[in-house]
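Dropping coords-v4.txt in here (compact mmCIF, C-alpha atoms):
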```txt
# COMPACT_ATOMS: atom_id res chain seq x y z
CA MET B 117 -69.48 4.07 96.39
CA LEU B 118 -69.59 7.75 95.42
CA ALA B 119 -72.87 8.17 97.29
CA VAL B 120 -71.30 6.71 100.46
CA ILE B 121 -68.31 9.04 100.19
CA LEU B 122 -70.59 12.03 99.70
CA ALA B 123 -72.68 11.00 102.69
CA VAL B 124 -69.59 10.71 104.91
CA VAL B 125 -68.23 14.06 103.74
CA THR B 126 -71.62 15.68 104.31
CA PHE B 127 -71.88 14.24 107.80
CA VAL B 128 -68.36 15.32 108.76
CA GLY B 129 -69.03 18.81 107.43
CA TRP B 130 -72.32 19.04 109.28
CA ARG B 131 -70.74 17.87 112.55
CA TRP B 132 -67.96 20.45 112.22
CA TRP B 133 -70.49 23.20 111.59
CA HIS B 134 -72.81 21.96 114.34
CA ASN B 135 -70.06 21.97 116.98
CA ARG B 136 -68.40 25.20 115.84
CA PRO B 137 -68.79 27.98 118.46
CA PRO B 138 -70.56 31.10 117.22
CA TYR B 139 -67.86 33.13 119.02
CA GLY B 140 -65.02 32.64 121.48
CA PRO B 141 -64.64 33.76 125.10
CA GLU B 142 -62.56 36.76 124.04
CA ALA B 143 -65.72 38.32 122.58
CA LEU B 144 -67.23 38.54 126.07
CA ALA B 145 -64.36 40.27 127.93
CA ILE B 146 -65.26 38.26 131.04
CA LYS B 147 -64.36 39.63 134.47
CA SER B 148 -64.64 37.78 137.76
CA SER B 149 -63.75 37.77 141.45
CA LEU B 150 -64.02 35.54 144.53
CA GLN B 151 -63.87 36.51 148.19
CA PHE B 152 -64.98 35.36 151.61
CA VAL B 153 -67.83 37.29 153.22
CA SER B 154 -69.87 37.23 156.39
CA HIS B 155 -73.58 36.46 156.26
CA GLY B 156 -74.36 40.16 156.58
CA GLU B 157 -71.98 41.10 153.75
CA ALA B 158 -73.47 38.37 151.57
CA GLN B 159 -76.97 39.69 152.16
CA VAL B 160 -75.93 43.22 151.24
CA ALA B 161 -74.37 41.97 148.00
CA LEU B 162 -77.50 39.99 147.08
CA GLY B 163 -79.98 42.74 147.91
CA GLU B 164 -83.39 42.53 149.50
CA LYS B 165 -85.04 39.97 147.19
CA VAL B 166 -82.45 37.17 147.34
CA TYR B 167 -81.68 35.47 150.63
CA ALA B 168 -78.08 34.69 151.50
CA PRO B 169 -77.30 31.09 152.49
CA VAL B 170 -77.56 30.26 156.16
CA SER B 171 -74.20 29.96 157.91
CA ASN B 172 -73.22 29.16 161.47
CA GLY B 173 -70.03 28.92 163.46
CA ARG B 174 -67.13 27.91 161.26
CA ASP B 175 -69.13 27.70 158.02
CA GLN B 176 -67.73 29.83 155.18
CA LEU B 177 -69.48 31.85 152.49
CA VAL B 178 -67.82 32.62 149.16
CA LEU B 179 -69.02 35.63 147.20
CA GLY B 180 -68.43 35.50 143.47
CA ARG B 181 -68.99 38.03 140.74
CA VAL B 182 -68.94 37.30 137.01
CA SER B 183 -69.63 39.87 134.33
CA TRP B 184 -69.38 39.86 130.54
CA GLN B 185 -70.17 42.02 127.55
CA THR B 186 -73.37 41.37 125.61
CA PRO B 187 -72.65 38.36 123.36
CA PRO B 188 -72.37 38.97 119.60
CA LYS B 189 -75.25 36.52 119.10
CA PRO B 190 -78.16 35.37 121.31
CA LEU B 191 -77.73 32.07 123.16
CA ASP B 192 -80.74 30.64 121.25
CA GLY B 193 -81.29 27.62 123.48
CA GLY B 194 -77.69 27.35 124.65
CA TYR B 195 -76.48 28.55 128.03
CA PHE B 196 -73.49 29.61 130.08
CA ALA B 197 -72.67 27.09 132.83
CA ILE B 198 -70.76 28.65 135.71
CA PHE B 199 -68.89 26.18 137.90
CA LEU B 200 -67.27 26.72 141.29
CA ILE B 201 -65.17 23.67 142.11
CA ASP B 202 -63.08 22.73 145.13
CA LYS B 203 -59.88 21.51 143.46
CA ARG B 204 -59.00 19.41 146.51
CA THR B 205 -62.00 17.15 146.06
CA ASN B 206 -63.39 18.01 142.60
CA LEU B 207 -66.74 18.72 144.24
CA LYS B 208 -69.26 21.50 143.58
CA PRO B 209 -71.23 23.42 146.21
CA GLY B 210 -74.63 22.02 147.05
CA SER B 211 -76.41 25.32 146.51
CA PHE B 212 -76.07 28.94 145.48
CA SER B 213 -77.88 32.19 146.07
CA ALA B 214 -77.62 34.35 142.95
CA LEU B 215 -78.56 37.82 141.76
CA SER B 216 -78.81 38.97 138.14
CA PRO B 217 -80.52 41.77 136.17
CA LEU B 218 -82.50 38.94 134.54
CA GLN B 219 -83.25 36.79 137.56
CA GLU B 220 -85.47 34.42 135.57
CA ALA B 221 -82.53 33.58 133.28
CA VAL B 222 -80.43 32.07 136.08
CA GLY B 223 -80.99 28.47 137.15
CA LEU B 224 -79.43 26.09 139.65
CA GLY B 225 -78.71 22.38 139.27
CA SER B 226 -76.90 20.04 136.89
CA ALA B 227 -77.42 18.34 133.52
CA GLY B 228 -76.28 15.02 132.10
CA VAL B 229 -74.85 16.63 128.95
CA GLU B 230 -72.34 18.43 131.17
CA ASN B 231 -70.50 15.14 131.72
CA LYS B 232 -68.97 15.77 128.30
CA ILE B 233 -67.13 18.81 129.63
CA ALA B 234 -64.64 16.73 131.62
CA ASP B 235 -64.02 14.52 128.57
CA ARG B 236 -62.81 17.56 126.65
CA TYR B 237 -61.15 19.56 129.42
CA SER B 238 -59.10 17.55 131.91
CA TRP B 239 -58.89 20.51 134.30
CA LEU B 240 -62.69 20.47 134.66
CA GLN B 241 -63.09 16.97 136.10
CA GLY B 242 -65.31 18.39 138.82
CA THR B 243 -68.05 19.39 136.39
CA GLY B 244 -69.36 15.86 135.84
CA ASP B 245 -70.87 13.09 137.91
CA VAL B 246 -68.88 11.31 140.64
CA ARG B 247 -68.06 7.63 140.32
CA GLU B 248 -68.62 5.47 143.39
CA GLY B 249 -67.94 1.80 142.75
CA ASN B 250 -69.86 0.83 139.62
CA SER B 251 -72.27 3.75 139.82
CA TRP B 252 -72.19 7.41 138.88
CA TRP B 253 -73.81 10.03 141.10
CA SER B 254 -74.65 13.67 140.56
CA TYR B 255 -73.57 15.81 143.51
CA GLY B 256 -73.52 19.56 143.85
CA SER B 257 -74.76 22.30 141.57
CA ARG B 258 -73.68 24.88 139.05
CA LEU B 259 -75.35 28.05 137.80
CA ALA B 260 -76.88 28.06 134.31
CA VAL B 261 -77.49 31.36 132.51
CA SER B 262 -79.94 31.14 129.60
CA ASP B 263 -79.76 34.78 128.45
CA GLY B 264 -76.57 36.57 127.50
CA ASN B 265 -77.94 39.82 128.92
CA ALA B 266 -78.02 38.44 132.49
CA SER B 267 -74.73 40.15 133.39
CA PRO B 268 -73.43 41.00 135.94
CA LEU B 269 -74.04 37.89 138.01
CA THR B 270 -73.45 37.88 141.76
CA PHE B 271 -73.56 34.62 143.71
CA VAL B 272 -72.88 33.28 147.19
CA ALA B 273 -71.94 29.65 147.81
CA PRO B 274 -71.89 28.02 151.26
CA PHE B 275 -69.06 25.79 152.50
CA PRO B 276 -70.35 24.07 155.65
CA HIS B 277 -68.02 23.06 158.45
CA VAL B 278 -68.40 19.34 159.10
CA GLU B 279 -66.45 17.33 161.67
CA GLY B 280 -65.79 13.68 162.40
CA PRO B 281 -67.18 10.72 160.42
CA LEU B 282 -69.85 12.90 158.82
CA ARG B 283 -67.17 14.66 156.78
CA ALA B 284 -66.59 11.57 154.59
CA ALA B 285 -70.31 11.23 153.97
CA VAL B 286 -70.79 14.80 152.74
CA HIS B 287 -70.63 15.10 148.96
CA VAL B 288 -70.15 18.86 148.77
CA PRO B 289 -67.00 20.88 149.51
CA THR B 290 -66.61 21.79 153.15
CA ALA B 291 -64.83 24.37 155.29
CA PRO B 292 -62.12 25.25 155.91
CA VAL B 293 -61.35 26.22 152.32
CA ALA B 294 -58.98 28.83 150.86
CA ILE B 295 -59.69 30.94 147.78
CA SER B 296 -56.64 29.30 146.17
CA ASP B 297 -58.45 25.93 146.51
CA LEU B 298 -61.28 27.11 144.28
CA LEU B 299 -61.70 26.94 140.52
CA LEU B 300 -64.22 29.23 138.84
CA ALA B 301 -65.03 28.54 135.20
CA LEU B 302 -67.57 29.54 132.56
CA VAL B 303 -68.54 26.95 129.96
CA TYR B 304 -70.57 27.78 126.86
CA MET B 305 -72.99 24.94 126.12
CA GLY B 306 -74.84 24.75 122.80
CA PRO B 307 -78.58 24.10 122.34
CA ASP B 308 -77.96 20.42 121.54
CA GLY B 309 -75.52 19.79 124.35
CA GLN B 310 -72.43 20.89 122.43
CA VAL B 311 -69.49 21.95 124.57
CA TYR B 312 -68.47 25.06 122.65
CA TRP B 313 -65.67 26.20 124.95
CA ALA B 314 -64.58 26.63 128.57
CA GLN B 315 -62.83 29.60 130.15
CA ARG B 316 -60.93 29.44 133.43
CA LEU B 317 -61.82 32.56 135.43
CA GLN B 318 -60.20 31.94 138.81
CA GLY B 319 -57.93 29.23 140.18
```

Represent the structure contained in this file as structure tokens.
Amino acid sequence: MLAVILAVVTFVGWRWWHNRPPYGPEALAIKSSLQFVSHGEAQVALGEKVYAPVSNGRDQLVLGRVSWQTPPKPLDGGYFAIFLIDKRTNLKPGSFSALSPLQEAVGLGSAGVENKIADRYSWLQGTGDVREGNSWWSYGSRLAVSDGNASPLTFVAPFPHVEGPLRAAVHVPTAPVAISDLLLALVYMGPDGQVYWAQRLQG
């Protein structure tokens, strides 16, 4: 019986230590901004080596900037997940163009472990997969930063203008959108899929 108790106590202690963040968001002094830009303005912000998303007619482009201080400790297999979510639909943009001092440290896409974010933070329901009937689908993308020195990060996200029946079939946020409709958040994910913490940046 004593051995079982010790095993349980050891496991609980290990789980607490394993899920304990190495530092909180206050250590990073995160700054951020969101604004609408034209295609030309987006290209200037991204420089010569990163192409701005294509936009036509009533499409909209959102320029975001996120910066932080060098973390107290390296990410060591963890990463910062940066989400831009349309609060009206809980959908993420389908793509991003991004610029960073460490371009190779910035990735685009999604990961199954990020479904745990919404379980912990109700205001981040848009981070996970979307349920349709009895199935779950992964729509949209976020930015993943694998090196804490990849600040500042500049990104541009497209919001296409879609009309008629096609609008219901599009699984990314569409124009027209207002800045007040958008939620920008940074989530610190651990190397084993731990959700260390989430910080609301805008919206």

Any idea what's packed within 12 Å of B:Ala294, counting all atoms listed in the file, ignoring anything in its chain fewer than 5 positions away? Could you give it as an MDAnalysis selection string? chainID B and resid 150:152 176:178 201:204 275 289 299 319

Between B:Val288, B:Val222, B:Ala273, B:Val160, which has the minimum distance to B:Tyr195 (counting only C-alpha atoms)? B:Val222

Can you pull out the residues contacting stretch 258-270 of chain B? Cut-off 10 Å, using all atoms listed in the file, and skip same-chain residues under 4 positions away; I want them as a PyMOL selection string. chain B and resi 144+146-149+158+161-162+179-201+208-227+243+302-305

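If you look at atom CA of B:Gln159 and atom CA of B:Val286, they are 25.7 Å away from each other.
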
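Closest approach to B:Tyr312 from the set B:Lys232, B:Val278, B:Asn172, B:Gln241 is made by B:Lys232, with distances taken over all atoms listed in the file.
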
Proximity to B:Asp175 - best of B:Asn135, B:Thr205, B:Gly280, B:His155, all atoms listed in the file: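 Of B:Asn135, B:Thr205, B:Gly280, B:His155, the one nearest B:Asp175 is B:His155, counting all atoms listed in the file.
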
To one decimal place, how far is atom CA of B:Pro274 from atom CA of B:Val153 in Å?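 Straight-line distance from atom CA of B:Pro274 to atom CA of B:Val153 works out to 10.3 Å.
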
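Interatomic distance, atom CA of B:Gln310 against atom CA of B:Pro137: 8.9 Å.
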
If we count only C-alpha atoms, what is near B:Arg174 at a cut-off of 9 Å, once residues fewer than 6 positions away on the same chain are taken out, given as JSON, numbers by chain? {"B": [276, 277, 278, 291, 292]}

Could you check which of B:Leu300, B:His287, B:Lys165, B:Val229 is closest to B:Gln315, using all atoms listed in the file?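 Going through B:Leu300, B:His287, B:Lys165, B:Val229 one by one, the smallest distance to B:Gln315 is for B:Leu300.
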
Neighbouring residues of B:Ala234 were defined as those with any atom within 12 Å, considering only C-alpha atoms; residues of the same chain fewer than 3 positions away were excluded. Please report them as a list in words.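 The residues satisfying every condition are Asn206, Gly228, Val229, Glu230, Asn231, Tyr237, Ser238, Trp239, Leu240, Gln241, Gly242, Thr243, Gly244, Asp245, Val246, Val303, Val311, Trp313 and Ala314 of chain B.
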
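Distances from B:Val166, B:Leu317, B:Ala145, B:Leu207 to B:Tyr255 were compared using only C-alpha atoms, and the smallest one belongs to B:Leu207.
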
Restricting to all atoms listed in the file, whichever of B:Glu164, B:Pro138, B:Pro169, B:Leu298 is closest to B:Val272 is B:Pro169
